[in-house]
$ cat data.txt   # compact mmCIF, C-alpha atoms (C1' of nucleotides)
# COMPACT_ATOMS: atom_id res chain seq x y z
CA MET A 203 0.66 22.31 10.23
CA ASP A 204 -0.79 24.05 13.18
CA ILE A 205 -2.08 22.17 16.08
CA GLU A 206 -4.95 23.82 17.85
CA PRO A 207 -4.57 24.63 21.50
CA LEU A 208 -5.54 21.43 23.19
CA PRO A 209 -7.58 22.02 26.30
CA GLU A 210 -6.27 20.24 29.32
CA SER A 211 -9.12 17.76 29.24
CA GLU A 212 -8.24 16.65 25.73
CA ALA A 213 -4.52 16.31 26.20
CA ALA A 214 -4.67 13.33 28.51
CA ASP A 215 -6.09 10.77 26.08
CA PRO A 216 -3.65 11.36 23.24
CA ALA A 217 -0.84 11.38 25.75
CA VAL A 218 -1.75 7.86 26.78
CA MET A 219 -1.50 6.63 23.20
CA LEU A 220 1.68 8.57 22.65
CA LYS A 221 3.26 7.14 25.77
CA ALA A 222 2.50 3.72 24.38
CA VAL A 223 4.47 4.32 21.21
CA ALA A 224 7.17 6.44 22.84
CA ASP A 225 9.46 3.49 23.28
CA PRO A 226 11.84 2.02 20.72
CA VAL A 227 10.73 -1.53 21.38
CA ARG A 228 7.02 -0.77 21.15
CA LEU A 229 7.54 1.37 18.09
CA ARG A 230 9.24 -1.53 16.39
CA LEU A 231 6.62 -3.97 17.59
CA LEU A 232 3.91 -1.79 16.13
CA SER A 233 5.67 -1.46 12.81
CA MET A 234 6.46 -5.16 12.66
CA ILE A 235 2.87 -6.09 13.31
CA GLY A 236 1.58 -3.53 10.86
CA SER A 237 3.88 -4.56 8.08
CA HIS A 238 3.57 -8.29 8.61
CA ALA A 239 2.09 -10.45 5.91
CA GLY A 240 -1.60 -11.05 6.46
CA GLY A 241 -1.84 -8.01 8.69
CA GLU A 242 -1.05 -9.99 11.79
CA ALA A 243 1.99 -11.27 13.58
CA CYS A 244 2.52 -14.16 15.97
CA VAL A 245 3.99 -13.34 19.36
CA CYS A 246 6.62 -15.98 18.80
CA ASP A 247 7.90 -14.16 15.72
CA LEU A 248 7.99 -10.87 17.54
CA THR A 249 9.80 -12.30 20.52
CA ASP A 250 12.49 -13.78 18.32
CA ALA A 251 13.18 -10.43 16.72
CA PHE A 252 14.31 -8.86 19.96
CA ASP A 253 17.05 -9.40 22.43
CA LEU A 254 14.51 -9.40 25.23
CA THR A 255 12.76 -12.07 27.25
CA ALA A 256 9.26 -13.25 26.40
CA PRO A 257 7.69 -11.66 29.47
CA THR A 258 9.13 -8.31 28.49
CA ILE A 259 7.69 -8.50 24.99
CA SER A 260 4.43 -9.64 26.46
CA HIS A 261 4.46 -6.62 28.71
CA HIS A 262 5.05 -4.23 25.81
CA LEU A 263 2.28 -5.86 23.80
CA LYS A 264 -0.04 -5.36 26.71
CA VAL A 265 0.81 -1.67 26.85
CA LEU A 266 0.00 -1.32 23.16
CA ARG A 267 -3.19 -3.28 23.60
CA THR A 268 -4.29 -1.27 26.62
CA ALA A 269 -3.70 1.90 24.64
CA GLY A 270 -6.05 0.55 22.01
CA LEU A 271 -3.45 0.38 19.27
CA ILE A 272 -3.46 -3.36 18.68
CA SER A 273 -5.71 -6.32 19.31
CA GLY A 274 -4.76 -9.90 20.03
CA GLU A 275 -6.38 -13.20 19.28
CA ARG A 276 -5.45 -16.68 20.38
CA ARG A 277 -5.59 -19.45 17.78
CA GLY A 278 -4.57 -22.74 19.20
CA THR A 279 -1.18 -22.54 20.78
CA TRP A 280 -0.27 -19.18 19.35
CA VAL A 281 -1.44 -15.63 19.83
CA TYR A 282 -1.66 -13.22 16.92
CA TYR A 283 -1.72 -9.46 17.08
CA ARG A 284 -2.95 -6.96 14.54
CA ILE A 285 -3.01 -3.19 14.22
CA ILE A 286 -6.12 -1.15 14.91
CA PRO A 287 -5.85 1.30 12.02
CA GLU A 288 -8.23 3.95 13.34
CA ALA A 289 -6.20 4.35 16.49
CA VAL A 290 -2.98 4.74 14.55
CA ASN A 291 -4.66 7.21 12.25
CA ARG A 292 -5.72 9.25 15.22
CA LEU A 293 -2.11 9.46 16.29
CA GLY A 294 -0.99 10.72 12.92
CA ALA A 295 -3.83 13.23 12.84
CA LEU A 296 -2.47 14.79 15.99
CA PHE A 297 0.48 16.17 14.06
CA THR A 298 -0.95 16.58 10.60
CA PRO A 299 -4.26 18.26 11.27
CA PRO A 300 -6.88 18.96 8.65
CA ALA A 301 -5.04 20.79 5.89
CA GLU A 302 -8.44 20.76 4.28
CA PRO A 303 -11.59 21.27 6.26
CA VAL A 304 -12.97 17.84 5.77
CA SER A 305 -16.68 17.56 5.42
CA GLY A 306 -17.40 14.00 4.56
CA GLU A 307 -15.08 13.21 7.46
CA ARG A 308 -15.15 9.54 6.80
CA ALA A 309 -11.80 9.16 8.45
CA SER A 310 -12.27 5.44 8.54
CA MET B 210 -1.64 3.08 6.75
CA ASP B 211 1.09 0.57 7.04
CA ILE B 212 4.18 1.35 8.89
CA GLU B 213 7.23 -0.38 7.55
CA PRO B 214 9.23 -2.56 9.87
CA LEU B 215 11.52 -0.11 11.56
CA PRO B 216 14.98 -1.50 12.04
CA GLU B 217 16.29 -1.18 15.55
CA SER B 218 18.68 1.58 14.56
CA GLU B 219 15.88 3.76 13.27
CA ALA B 220 13.48 3.30 16.12
CA ALA B 221 15.52 5.20 18.67
CA ASP B 222 15.33 8.67 17.10
CA PRO B 223 11.58 8.77 16.61
CA ALA B 224 11.15 7.39 20.10
CA VAL B 225 13.02 10.37 21.50
CA MET B 226 10.66 12.77 19.76
CA LEU B 227 7.65 10.72 20.77
CA LYS B 228 8.75 10.63 24.38
CA ALA B 229 8.92 14.39 24.23
CA VAL B 230 5.29 14.74 23.23
CA ALA B 231 4.04 11.80 25.28
CA ASP B 232 3.11 14.02 28.18
CA PRO B 233 -0.10 15.99 28.62
CA VAL B 234 1.71 19.15 29.64
CA ARG B 235 4.18 19.08 26.76
CA LEU B 236 1.45 18.19 24.30
CA ARG B 237 -0.47 21.24 25.40
CA LEU B 238 2.65 23.39 25.36
CA LEU B 239 3.35 22.34 21.81
CA SER B 240 -0.18 23.03 20.68
CA MET B 241 -0.27 26.37 22.47
CA ILE B 242 2.96 27.48 20.86
CA GLY B 243 1.91 26.24 17.46
CA SER B 244 -1.44 27.93 17.55
CA HIS B 245 -0.28 31.18 19.06
CA ALA B 246 -0.61 34.39 17.11
CA GLY B 247 2.58 35.24 15.25
CA GLY B 248 3.74 31.66 15.45
CA GLU B 249 5.51 32.20 18.73
CA ALA B 250 4.62 32.26 22.39
CA CYS B 251 6.27 33.91 25.35
CA VAL B 252 7.25 31.67 28.24
CA CYS B 253 5.36 33.95 30.58
CA ASP B 254 2.12 33.27 28.74
CA LEU B 255 2.71 29.54 28.76
CA THR B 256 3.54 29.46 32.45
CA ASP B 257 0.35 31.29 33.33
CA ALA B 258 -1.74 28.73 31.49
CA PHE B 259 -0.70 25.89 33.76
CA ASP B 260 -1.02 25.08 37.40
CA LEU B 261 2.67 24.37 37.59
CA THR B 262 5.70 26.31 38.73
CA ALA B 263 7.91 28.21 36.30
CA PRO B 264 10.85 25.82 36.68
CA THR B 265 8.63 22.91 35.77
CA ILE B 266 7.42 24.61 32.60
CA SER B 267 10.98 25.53 31.81
CA HIS B 268 11.94 21.90 32.18
CA HIS B 269 9.23 20.75 29.79
CA LEU B 270 10.22 23.39 27.26
CA LYS B 271 13.77 22.15 27.46
CA VAL B 272 12.64 18.60 26.73
CA LEU B 273 10.76 19.79 23.66
CA ARG B 274 13.74 21.87 22.58
CA THR B 275 16.21 19.05 23.08
CA ALA B 276 13.97 16.81 20.99
CA GLY B 277 14.21 19.38 18.21
CA LEU B 278 10.52 20.20 18.21
CA ILE B 279 10.73 23.85 19.21
CA SER B 280 13.28 26.63 19.22
CA GLY B 281 13.61 29.49 21.66
CA GLU B 282 14.86 33.03 21.30
CA ARG B 283 15.46 35.67 23.92
CA ARG B 284 14.30 39.19 23.16
CA GLY B 285 15.05 41.53 26.00
CA THR B 286 13.53 40.25 29.18
CA TRP B 287 11.36 37.64 27.59
CA VAL B 288 11.97 34.34 25.83
CA TYR B 289 9.84 33.28 22.89
CA TYR B 290 9.38 29.78 21.56
CA ARG B 291 8.22 28.63 18.16
CA ILE B 292 7.46 25.32 16.51
CA ILE B 293 9.89 23.61 14.16
CA PRO B 294 7.39 22.44 11.53
CA GLU B 295 9.60 19.86 9.84
CA ALA B 296 10.11 18.02 13.09
CA VAL B 297 6.40 17.94 13.81
CA ASN B 298 5.75 16.79 10.26
CA ARG B 299 8.17 13.96 10.75
CA LEU B 300 6.17 12.85 13.76
CA GLY B 301 2.96 12.80 11.82
CA ALA B 302 4.62 10.96 8.96
CA LEU B 303 5.44 8.14 11.34
CA PHE B 304 1.79 7.19 11.49
CA THR B 305 0.53 8.36 8.13
CA PRO B 306 3.26 7.07 5.86
CA PRO B 307 3.97 7.86 2.24
CA ALA B 308 0.87 7.93 0.15
CA GLU B 309 3.49 9.07 -2.30
CA PRO B 310 7.13 8.04 -2.30
CA VAL B 311 9.12 10.83 -0.79
CA SER B 312 11.70 12.68 -2.79
CA GLY B 313 10.67 16.28 -3.01
CA GLU B 314 9.11 15.88 0.39
CA ARG B 315 7.39 19.20 0.47
CA ALA B 316 4.80 17.77 2.76
CA SER B 317 1.77 19.95 3.10
C1' DG C 98 -3.67 -37.93 32.87
C1' DC C 99 0.87 -35.99 31.94
C1' DC C 100 4.10 -33.30 29.87
C1' DC C 101 5.68 -29.92 26.51
C1' DT C 102 5.66 -25.53 24.20
C1' DG C 103 3.92 -20.84 23.90
C1' DA C 104 2.16 -16.79 26.37
C1' DT C 105 0.95 -14.14 30.32
C1' DT C 106 1.05 -12.76 35.21
C1' DT C 107 3.56 -11.76 39.43
C1' DG C 108 7.10 -9.75 42.16
C1' DA C 109 11.38 -7.44 42.52
C1' DC C 110 14.82 -4.04 41.32
C1' DA C 111 17.36 -0.37 38.88
C1' DT C 112 16.48 3.55 36.33
C1' DC C 113 14.11 7.36 34.58
C1' DT C 114 10.58 11.11 35.06
C1' DC C 115 7.81 14.85 37.02
C1' DT C 116 7.44 18.12 40.32
C1' DC C 117 8.92 21.14 43.75
C1' DT C 118 12.12 24.59 46.40
C1' DA C 119 16.28 27.14 46.38
C1' DA C 120 19.76 29.21 43.90
C1' DT C 121 21.57 31.31 39.75
C1' DC C 122 21.62 33.74 35.27
C1' DA C 123 20.02 37.70 32.00
C1' DG C 124 18.33 42.21 30.96
C1' DA C 125 15.98 46.60 32.09
C1' DG C 126 15.68 50.61 34.76
C1' DG C 127 16.33 53.61 38.61
C1' DC D 44 25.75 49.76 41.11
C1' DC D 45 21.66 47.89 42.86
C1' DT D 46 17.43 45.89 42.43
C1' DC D 47 13.55 43.97 40.17
C1' DT D 48 11.27 40.77 37.03
C1' DG D 49 11.53 36.81 33.94
C1' DA D 50 13.78 32.43 32.91
C1' DT D 51 16.84 28.66 33.67
C1' DT D 52 19.75 25.48 36.40
C1' DA D 53 20.68 22.47 40.45
C1' DG D 54 19.25 19.24 43.77
C1' DA D 55 15.91 16.27 46.03
C1' DG D 56 11.99 13.21 46.60
C1' DA D 57 7.72 10.59 45.18
C1' DG D 58 6.14 7.94 41.65
C1' DA D 59 6.22 5.62 37.12
C1' DT D 60 8.69 2.54 33.78
C1' DG D 61 11.59 -1.29 31.62
C1' DT D 62 13.63 -5.46 32.48
C1' DC D 63 14.23 -9.94 34.38
C1' DA D 64 13.45 -14.61 36.88
C1' DA D 65 9.96 -17.47 38.67
C1' DA D 66 5.38 -18.93 38.70
C1' DT D 67 1.08 -19.60 36.34
C1' DC D 68 -2.24 -20.16 32.54
C1' DA D 69 -3.70 -22.31 27.80
C1' DG D 70 -3.71 -25.85 24.28
C1' DG D 71 -1.92 -29.89 21.87
C1' DG D 72 -0.18 -34.49 21.69
C1' DC D 73 1.62 -38.61 23.75

$ encode --input "data.txt" --output "structure tokens"
Amino acid sequence: MDIEPLPESEAADPAVMLKAVADPVRLRLLSMIGSHAGGEACVCDLTDAFDLTAPTISHHLKVLRTAGLISGERRGTWVYYRIIPEAVNRLGALFTPPAEPVSGERAS
Amino acid sequence: MDIEPLPESEAADPAVMLKAVADPVRLRLLSMIGSHAGGEACVCDLTDAFDLTAPTISHHLKVLRTAGLISGERRGTWVYYRIIPEAVNRLGALFTPPAEPVSGERAS
DNA sequence: GCCCTGATTTGACATCTCTCTAATCAGAGG
DNA sequence: CCTCTGATTAGAGAGATGTCAAATCAGGGC
């Protein structure tokens, strides 16, 4: 459980992703999308789950998308979002570094 | 790699911790403290490593402390900070959820 | 073509955040 | 007691962030 001393140049990128999830609404959005049946969630479902306006949800989704944590796809009238697992994994790896010196480092 | 749907009530706490680390400076502070010999780092060392004033570093340390991620102790003239491993583990667990159903939660 | 629903973009505003300077607190030592 | 160094607190200002209402974009169906 020891994080190595991040050089300044390598602290910026993770911080961007962390900023994206460092918000209760976005954290819930991410978990709702990730745990949704089929691996994807419709914006309409997400919007209904919050006490916020559609533009606000749309804004939060954009933040997550810009951070590379989710991807969206339009199908007809609706837009569906899904998690990008590698990105989320990278987040987790920040705080649970290699307990074992990987070697096959497939990391998916 | 699936996050469960966080209920609103349980999204706030993690978000506080995430906000704390969602900053390049604090991320580096955390990693520097965690990787420092003896498991603790003196504020004076940390301050020197940045191009920021002492009050600013002090502010960031306070944010990390308030979030429960580090703890500080004064010894004579100097103040030393160390990581609180459980808290950091909890962060990592947010994105790399239970491969095994918690219970003894010894985690690493 | 027109309208209707779903989603995003735009613009505005209140709040929070990061950084600094100045002032204060905490020990150590003369 | 005074002063010196290290650390924190207080206050202020520039900039970023979260939210909303209004406007716009995207398809589907009449």

$ atom_distance --input "data.txt" --atom1 "CA of Val230 in chain B" --atom2 "CA of His269 in chain B"
9.7 Å

$ closest_residue --input "data.txt" --among "D:DA69, D:DA55, D:DC47, D:DC63" --to "DT105 in chain C" --atoms "all atoms listed in the file"
D:DA69

$ atom_distance --input "data.txt" --atom1 "CA of Trp287 in chain B" --atom2 "C1' of DT48 in chain D"
9.9 Å

$ interface_residues --input "data.txt" --of "chain A" --to "chain C" --cutoff "10 Å" --atoms "only C-alpha atoms (C1' of nucleotides)" --output "ChimeraX atom specification"
/A:245-246,256-257,260-261,264,276,278-281

$ closest_residue --input "data.txt" --among "B:Leu236, B:Met241, B:Leu273, B:Phe304" --to "Ile285 in chain A" --atoms "only C-alpha atoms"
B:Phe304

$ atom_distance --input "data.txt" --atom1 "CA of Ile272 in chain A" --atom2 "CA of Ala224 in chain B"
18.2 Å

$ closest_residue --input "data.txt" --among "B:Leu238, B:Cys251, B:Leu300, B:Leu261" --to "Glu282 in chain B" --atoms "all atoms listed in the file"
B:Cys251

$ calpha_fit_and_write --input "data.txt" --fixed "chain B" --moving "chain A" --output "tab-separated table (two decimals) with C-alpha atoms, in the frame of the given file"
chain	number	residue	atom	x	y	z
A	203	MET	CA	-1.62	3.04	6.84
A	204	ASP	CA	1.13	0.56	7.18
A	205	ILE	CA	4.26	1.38	8.94
A	206	GLU	CA	7.31	-0.36	7.61
A	207	PRO	CA	9.29	-2.53	9.95
A	208	LEU	CA	11.59	-0.09	11.63
A	209	PRO	CA	15.05	-1.49	12.12
A	210	GLU	CA	16.31	-1.19	15.63
A	211	SER	CA	18.74	1.53	14.65
A	212	GLU	CA	15.96	3.73	13.34
A	213	ALA	CA	13.55	3.31	16.20
A	214	ALA	CA	15.61	5.19	18.74
A	215	ASP	CA	15.45	8.66	17.18
A	216	PRO	CA	11.70	8.82	16.69
A	217	ALA	CA	11.25	7.44	20.17
A	218	VAL	CA	13.11	10.41	21.57
A	219	MET	CA	10.77	12.84	19.85
A	220	LEU	CA	7.76	10.80	20.83
A	221	LYS	CA	8.84	10.70	24.45
A	222	ALA	CA	9.00	14.46	24.33
A	223	VAL	CA	5.38	14.81	23.31
A	224	ALA	CA	4.13	11.85	25.35
A	225	ASP	CA	3.15	14.04	28.24
A	226	PRO	CA	-0.08	15.99	28.67
A	227	VAL	CA	1.70	19.16	29.71
A	228	ARG	CA	4.19	19.10	26.85
A	229	LEU	CA	1.49	18.22	24.38
A	230	ARG	CA	-0.46	21.25	25.46
A	231	LEU	CA	2.63	23.43	25.46
A	232	LEU	CA	3.36	22.39	21.91
A	233	SER	CA	-0.16	23.06	20.75
A	234	MET	CA	-0.30	26.39	22.56
A	235	ILE	CA	2.92	27.53	20.99
A	236	GLY	CA	1.90	26.30	17.58
A	237	SER	CA	-1.47	27.94	17.64
A	238	HIS	CA	-0.35	31.20	19.19
A	239	ALA	CA	-0.70	34.41	17.26
A	240	GLY	CA	2.49	35.31	15.44
A	241	GLY	CA	3.68	31.73	15.60
A	242	GLU	CA	5.41	32.26	18.90
A	243	ALA	CA	4.51	32.30	22.54
A	244	CYS	CA	6.11	33.97	25.55
A	245	VAL	CA	7.11	31.73	28.43
A	246	CYS	CA	5.18	33.96	30.77
A	247	ASP	CA	1.95	33.26	28.90
A	248	LEU	CA	2.59	29.55	28.91
A	249	THR	CA	3.41	29.47	32.59
A	250	ASP	CA	0.19	31.25	33.46
A	251	ALA	CA	-1.86	28.68	31.60
A	252	PHE	CA	-0.81	25.86	33.88
A	253	ASP	CA	-1.15	25.02	37.49
A	254	LEU	CA	2.57	24.35	37.67
A	255	THR	CA	5.58	26.29	38.86
A	256	ALA	CA	7.79	28.22	36.46
A	257	PRO	CA	10.73	25.85	36.85
A	258	THR	CA	8.53	22.93	35.89
A	259	ILE	CA	7.34	24.63	32.72
A	260	SER	CA	10.89	25.61	31.99
A	261	HIS	CA	11.89	22.00	32.35
A	262	HIS	CA	9.21	20.82	29.93
A	263	LEU	CA	10.19	23.48	27.41
A	264	LYS	CA	13.74	22.27	27.62
A	265	VAL	CA	12.66	18.72	26.88
A	266	LEU	CA	10.80	19.90	23.79
A	267	ARG	CA	13.74	22.01	22.74
A	268	THR	CA	16.23	19.20	23.24
A	269	ALA	CA	14.04	16.96	21.14
A	270	GLY	CA	14.26	19.53	18.38
A	271	LEU	CA	10.56	20.32	18.34
A	272	ILE	CA	10.73	23.97	19.36
A	273	SER	CA	13.25	26.78	19.41
A	274	GLY	CA	13.54	29.64	21.86
A	275	GLU	CA	14.74	33.18	21.55
A	276	ARG	CA	15.27	35.81	24.19
A	277	ARG	CA	14.08	39.34	23.43
A	278	GLY	CA	14.74	41.67	26.26
A	279	THR	CA	13.23	40.39	29.44
A	280	TRP	CA	11.12	37.71	27.83
A	281	VAL	CA	11.79	34.46	26.05
A	282	TYR	CA	9.69	33.38	23.09
A	283	TYR	CA	9.29	29.89	21.74
A	284	ARG	CA	8.17	28.74	18.32
A	285	ILE	CA	7.46	25.42	16.66
A	286	ILE	CA	9.92	23.76	14.31
A	287	PRO	CA	7.47	22.56	11.67
A	288	GLU	CA	9.71	20.00	9.98
A	289	ALA	CA	10.20	18.15	13.23
A	290	VAL	CA	6.49	18.04	13.91
A	291	ASN	CA	5.87	16.89	10.37
A	292	ARG	CA	8.30	14.07	10.86
A	293	LEU	CA	6.29	12.93	13.85
A	294	GLY	CA	3.07	12.88	11.89
A	295	ALA	CA	4.75	11.04	9.04
A	296	LEU	CA	5.58	8.22	11.41
A	297	PHE	CA	1.92	7.24	11.55
A	298	THR	CA	0.66	8.38	8.19
A	299	PRO	CA	3.31	7.09	5.83
A	300	PRO	CA	3.44	7.82	2.14
A	301	ALA	CA	0.00	6.91	0.84
A	302	GLU	CA	1.47	8.05	-2.43
A	303	PRO	CA	5.03	7.31	-3.38
A	304	VAL	CA	6.24	10.84	-3.31
A	305	SER	CA	8.80	11.78	-5.86
A	306	GLY	CA	9.30	15.47	-5.56
A	307	GLU	CA	9.59	14.76	-1.84
A	308	ARG	CA	9.75	18.37	-0.94
A	309	ALA	CA	8.39	17.60	2.48
A	310	SER	CA	9.35	21.04	3.63

$ closest_residue --input "data.txt" --among "A:Val290, A:Ile235, A:Val265, A:Ala243" --to "chain D" --atoms "all atoms listed in the file"
A:Val265

$ interface_residues --input "data.txt" --of "chain D" --to "chain B" --cutoff "12 Å" --atoms "all atoms listed in the file" --output "ChimeraX atom specification"
/D:47-53
